[in-house]
Amino acid sequence: MIPKTTADTLKHKINVSVELAAPQAVDVLLYTPGQLWVSVSGGKMMVFDASSWSLIQTCQVGNAKLNCMLGVDKDQVWVGSEDCVIYIISIVSMVCNRQLTEHRAEVTGLALDTDKISHKVAYSCCAEGTIIVWDVSTLQVKKQFRLSCDRLLSVHSCSKTLWCCSRDSVMEVWRNGTLKQRTSFPEHQRVTLSFTLLLAEREELWCVFGDSTEVYIWHIKDTVRLFHRMVLPDCIGCFGMIKVKNQVWVGGLSLSSTKGKVYVIDAERYEVLKELHGHSDKVTALCSAEDRYVLSGAGKQDGKIAIWKVD
């Protein structure tokens with residue numbers, strides 16, 4: 001029986017594995033106006049109409065697992081892959097028309113920013129610590145630098161600095177690549193960081209771990225001391241986060257049922273508002289559709305996307 005909170009919040013489900021020979025994990029989700037972009041294993045991309053949730057296009061983007069996606073300039077989707085390549089897909093034609101091959105390790109994170117003279121720049125990071133700054137209009141490298149860390153996982157732009165998270169630390173870096181500050185994770189969690197979320201307007205950095213029930217929250221002006229720590233109920237681990245309105249949605253795995261679970265957290269009071277049970281495998285991907293809906297994707301034992309209403 002579906003819990004009432006789940007039934008009241010769930011709007012629709014998409015079985016992305018219907019078109020596939022066997023169920024596949026949903027690796028990354030991205031919403032662009034009118035479209036939902038879904039990556040499943042082996043570089044396969046699926047695009048759904050965001051009004052009918054029907055499949056409108058599939059395309060192959062390399063043959064490796066895709067780690068991250070970013071909407072750029074309203075007409076492009078950038079996709080970072082385990083094969084070290086950034087694939088650029090036209091939103092109009094849904095065809096990959098450019099590849100950026102400067103990284104020498106798997107691309108793990110992408111972020112967008114506007115610099116002081118209003119030329120859009122994008123940031124990409126890869127597992128061995130390199131960050132590349134791209135001119136979006138020319139696709140030329142403006143700058144690159146390398147951080148000393150254990151597996152760089154993400155890059156976030158905030159004011160005059162970048163926030164970079166690796167398996168063993170959180171780093172605030174000046175835009176020229178100079179390290180401003182570094183905060184190490186507790187020893188027992190250094191190898192399990194799974195996702196970070198920067199709430200720039202609240203000046204907070206949220207971190208979750210793949211084998212921990214806790215959400216760690218730092219205030220970015222003082223990362224020496226942990227600002228807040230939440231323990232999520234009935235949880236084994238967490239694998240994704242997204243901010244929607246004044247909420248943070250966290251995708252994880254239930255301890256009692258070993259099925260996927262989505263936690264809805266009040267970002268101001270640090271309280272769990274809802275626990276949603278919509279997947280038979282761990283929740284691996286989250287995205288928001290114009291703050292009206294949150295979409296969650298799960299591992300290959302589930303192979304589905306759930307569409308949730310946002311209060």
# chains A, B, ... in the order shown; residues from 1 in each chain; ligands from 1
call {"tool": "closest_atom_pairs", "arguments": {"of": "range 33-81 of chain A", "to": "range 5-24 of chain A", "cutoff": "8 Å", "atoms": "only C-alpha atoms", "output": "JSON lines"}}
result
{"residue": "A:Val40", "atom": "CA", "partner": "A:Gln24", "partner_atom": "CA", "distance": 6.2}
{"residue": "A:Ser41", "atom": "CA", "partner": "A:Gln24", "partner_atom": "CA", "distance": 6.3}
{"residue": "A:Trp53", "atom": "CA", "partner": "A:Ile14", "partner_atom": "CA", "distance": 7.3}
call {"tool": "write_last_selection", "arguments": {"atoms": "C-alpha atoms", "output": "PDB file, in the first residue's frame"}}
result
ATOM      1  CA  VAL A  40      20.904   6.025 -18.730  1.00  0.00           C
ATOM      2  CA  SER A  41      23.884   3.679 -18.782  1.00  0.00           C
ATOM      3  CA  TRP A  53       5.910  13.066 -20.522  1.00  0.00           C
TER       4      TRP A  53
END
call {"tool": "select_by_dssp", "arguments": {"residues": "range 68-172 of chain A", "states": "strand (DSSP E)", "output": "ChimeraX atom specification"}}
result
/A:68-72,76-81,86-90,96-100,107-114,120-126,130-135,140-146,152-158,161-166,169-172
call {"tool": "residues_around", "arguments": {"residues": "Ser194 in chain A", "least_positions_apart": "6", "cutoff": "9 Å", "atoms": "only C-alpha atoms", "output": "list in words"}}
result
Leu153, Arg167, Cys207, Val208, Phe209, Gly210, Asp211, Cys238, Phe239 and Gly240 of chain A
call {"tool": "write_last_selection", "arguments": {"atoms": "N, CA and C atoms", "output": "short mmCIF file (atom, residue, chain, number, x, y, z; two decimals), in the first residue's frame"}}
result
data_model
loop_
_atom_site.label_atom_id
_atom_site.label_comp_id
_atom_site.auth_asym_id
_atom_site.auth_seq_id
_atom_site.Cartn_x
_atom_site.Cartn_y
_atom_site.Cartn_z
N LEU A 153 34.82 16.05 -7.31
CA LEU A 153 33.47 15.62 -7.64
C LEU A 153 32.58 16.71 -8.19
N ARG A 167 36.52 13.90 -2.67
CA ARG A 167 36.21 12.82 -1.74
C ARG A 167 36.72 13.11 -0.33
N CYS A 207 26.21 18.76 2.25
CA CYS A 207 26.89 17.56 1.76
C CYS A 207 26.17 16.32 2.26
N VAL A 208 26.04 15.33 1.37
CA VAL A 208 25.51 14.02 1.78
C VAL A 208 26.49 12.94 1.36
N PHE A 209 26.35 11.77 2.01
CA PHE A 209 27.30 10.69 1.86
C PHE A 209 26.59 9.40 1.50
N GLY A 210 27.28 8.56 0.72
CA GLY A 210 26.67 7.36 0.20
C GLY A 210 26.40 6.28 1.22
N ASP A 211 27.05 6.34 2.38
CA ASP A 211 26.78 5.33 3.40
C ASP A 211 26.58 5.97 4.77
N CYS A 238 22.68 8.58 1.03
CA CYS A 238 22.07 9.60 0.17
C CYS A 238 22.93 9.80 -1.07
N PHE A 239 22.27 10.13 -2.20
CA PHE A 239 22.98 10.15 -3.48
C PHE A 239 22.68 11.37 -4.34
N GLY A 240 21.87 12.30 -3.86
CA GLY A 240 21.58 13.49 -4.66
C GLY A 240 20.77 14.49 -3.86
#
call {"tool": "residues_around", "arguments": {"residues": "Thr161 in chain A", "least_positions_apart": "2", "cutoff": "8 Å", "atoms": "only C-alpha atoms", "output": "number ranges by chain"}}
result
A: 157-159, 163, 172-175
call {"tool": "write_last_selection", "arguments": {"atoms": "N, CA and C atoms", "output": "PDB file, in the first residue's frame"}}
result
ATOM      1  N   SER A 157      29.937  27.884  -8.464  1.00  0.00           N
ATOM      2  CA  SER A 157      30.345  29.284  -8.523  1.00  0.00           C
ATOM      3  C   SER A 157      29.551  30.089  -7.505  1.00  0.00           C
ATOM      4  N   CYS A 158      30.264  30.918  -6.726  1.00  0.00           N
ATOM      5  CA  CYS A 158      29.602  31.729  -5.705  1.00  0.00           C
ATOM      6  C   CYS A 158      30.381  33.016  -5.507  1.00  0.00           C
ATOM      7  N   SER A 159      29.818  34.127  -5.951  1.00  0.00           N
ATOM      8  CA  SER A 159      30.446  35.438  -5.788  1.00  0.00           C
ATOM      9  C   SER A 159      31.825  35.436  -6.444  1.00  0.00           C
ATOM     10  N   TRP A 163      33.546  26.967  -5.218  1.00  0.00           N
ATOM     11  CA  TRP A 163      33.530  25.945  -4.181  1.00  0.00           C
ATOM     12  C   TRP A 163      33.662  24.592  -4.864  1.00  0.00           C
ATOM     13  N   GLU A 172      37.494  26.154  -1.013  1.00  0.00           N
ATOM     14  CA  GLU A 172      37.113  27.430  -1.605  1.00  0.00           C
ATOM     15  C   GLU A 172      38.326  27.948  -2.363  1.00  0.00           C
ATOM     16  N   VAL A 173      38.129  28.266  -3.631  1.00  0.00           N
ATOM     17  CA  VAL A 173      39.239  28.583  -4.524  1.00  0.00           C
ATOM     18  C   VAL A 173      38.970  29.920  -5.206  1.00  0.00           C
ATOM     19  N   TRP A 174      39.979  30.785  -5.233  1.00  0.00           N
ATOM     20  CA  TRP A 174      39.859  32.014  -6.017  1.00  0.00           C
ATOM     21  C   TRP A 174      39.760  31.646  -7.488  1.00  0.00           C
ATOM     22  N   ARG A 175      39.206  32.520  -8.293  1.00  0.00           N
ATOM     23  CA  ARG A 175      38.965  32.188  -9.700  1.00  0.00           C
ATOM     24  C   ARG A 175      40.242  32.036 -10.523  1.00  0.00           C
TER      25      ARG A 175
END
call {"tool": "residues_around", "arguments": {"residues": "Val38 in chain A", "least_positions_apart": "2", "cutoff": "7 Å", "atoms": "only C-alpha atoms", "output": "list of chain:residue names"}}
result
A:Val26, A:Val28, A:Leu29, A:Leu30, A:Leu36, A:Val40, A:Met45, A:Met46, A:Val47
call {"tool": "write_last_selection", "arguments": {"atoms": "N, CA and C atoms", "output": "CSV table (one decimal), in the first residue's frame"}}
result
chain,number,residue,atom,x,y,z
A,26,VAL,N,18.9,5.4,-13.9
A,26,VAL,CA,18.8,6.7,-14.3
A,26,VAL,C,20.0,7.5,-13.7
A,28,VAL,N,21.5,10.7,-14.7
A,28,VAL,CA,21.4,12.2,-14.6
A,28,VAL,C,20.0,12.6,-15.2
A,29,LEU,N,19.5,13.7,-14.6
A,29,LEU,CA,18.2,14.3,-15.1
A,29,LEU,C,18.5,15.8,-15.3
A,30,LEU,N,17.9,16.4,-16.3
A,30,LEU,CA,18.0,17.8,-16.6
A,30,LEU,C,16.7,18.3,-17.2
A,36,LEU,N,12.5,17.2,-20.8
A,36,LEU,CA,13.2,16.4,-19.8
A,36,LEU,C,14.3,15.6,-20.4
A,40,VAL,N,20.8,7.4,-19.3
A,40,VAL,CA,20.9,6.0,-18.7
A,40,VAL,C,22.3,5.4,-19.1
A,45,MET,N,21.0,8.8,-24.2
A,45,MET,CA,20.2,10.0,-23.8
A,45,MET,C,18.8,9.8,-24.3
A,46,MET,N,17.8,10.2,-23.5
A,46,MET,CA,16.4,10.1,-23.8
A,46,MET,C,15.8,11.5,-23.5
A,47,VAL,N,15.0,12.0,-24.4
A,47,VAL,CA,14.4,13.3,-24.3
A,47,VAL,C,12.9,13.1,-24.2
call {"tool": "closest_residue", "arguments": {"among": "A:Leu255, A:Thr178, A:Trp206, A:Gln140", "to": "Ile236 in chain A", "atoms": "only C-alpha atoms"}}
result
A:Leu255
call {"tool": "closest_residue", "arguments": {"among": "A:Tyr293, A:His156, A:Thr101, A:Val72", "to": "Lys120 in chain A", "atoms": "only C-alpha atoms"}}
result
A:Val72
call {"tool": "closest_residue", "arguments": {"among": "A:Asp113, A:Glu271, A:Glu204, A:Gly177", "to": "Ile131 in chain A", "atoms": "only C-alpha atoms"}}
result
A:Gly177
call {"tool": "closest_residue", "arguments": {"among": "A:Leu193, A:Val136, A:Val215, A:Ala306", "to": "Ser280 in chain A", "atoms": "only C-alpha atoms"}}
result
A:Ala306
call {"tool": "residues_around", "arguments": {"residues": "Lys261 in chain A", "least_positions_apart": "3", "cutoff": "7 Å", "atoms": "only C-alpha atoms", "output": "PyMOL selection string"}}
result
chain A and resi 251-254+275-279+282-283
call {"tool": "atom_distance", "arguments": {"atom1": "CA of Cys96 in chain A", "atom2": "CA of Val61 in chain A"}}
result
7.3 Å
call {"tool": "residues_around", "arguments": {"residues": "Asp266 in chain A", "least_positions_apart": "4", "cutoff": "8 Å", "atoms": "only C-alpha atoms", "output": "JSON, numbers by chain"}}
result
{"A": [246, 247, 248, 270, 271, 272, 273]}
call {"tool": "closest_residue", "arguments": {"among": "A:Tyr31, A:Phe185, A:Phe145, A:Tyr87", "to": "Ile217 in chain A", "atoms": "only C-alpha atoms"}}
result
A:Phe185
call {"tool": "select_by_dssp", "arguments": {"residues": "range 78-291 of chain A", "states": "helix (DSSP H, G or I)", "output": "MDAnalysis selection string"}}
result
chainID A and resid 187:189 200:202
call {"tool": "atom_distance", "arguments": {"atom1": "CA of Trp308 in chain A", "atom2": "CA of Phe195 in chain A"}}
result
20.7 Å
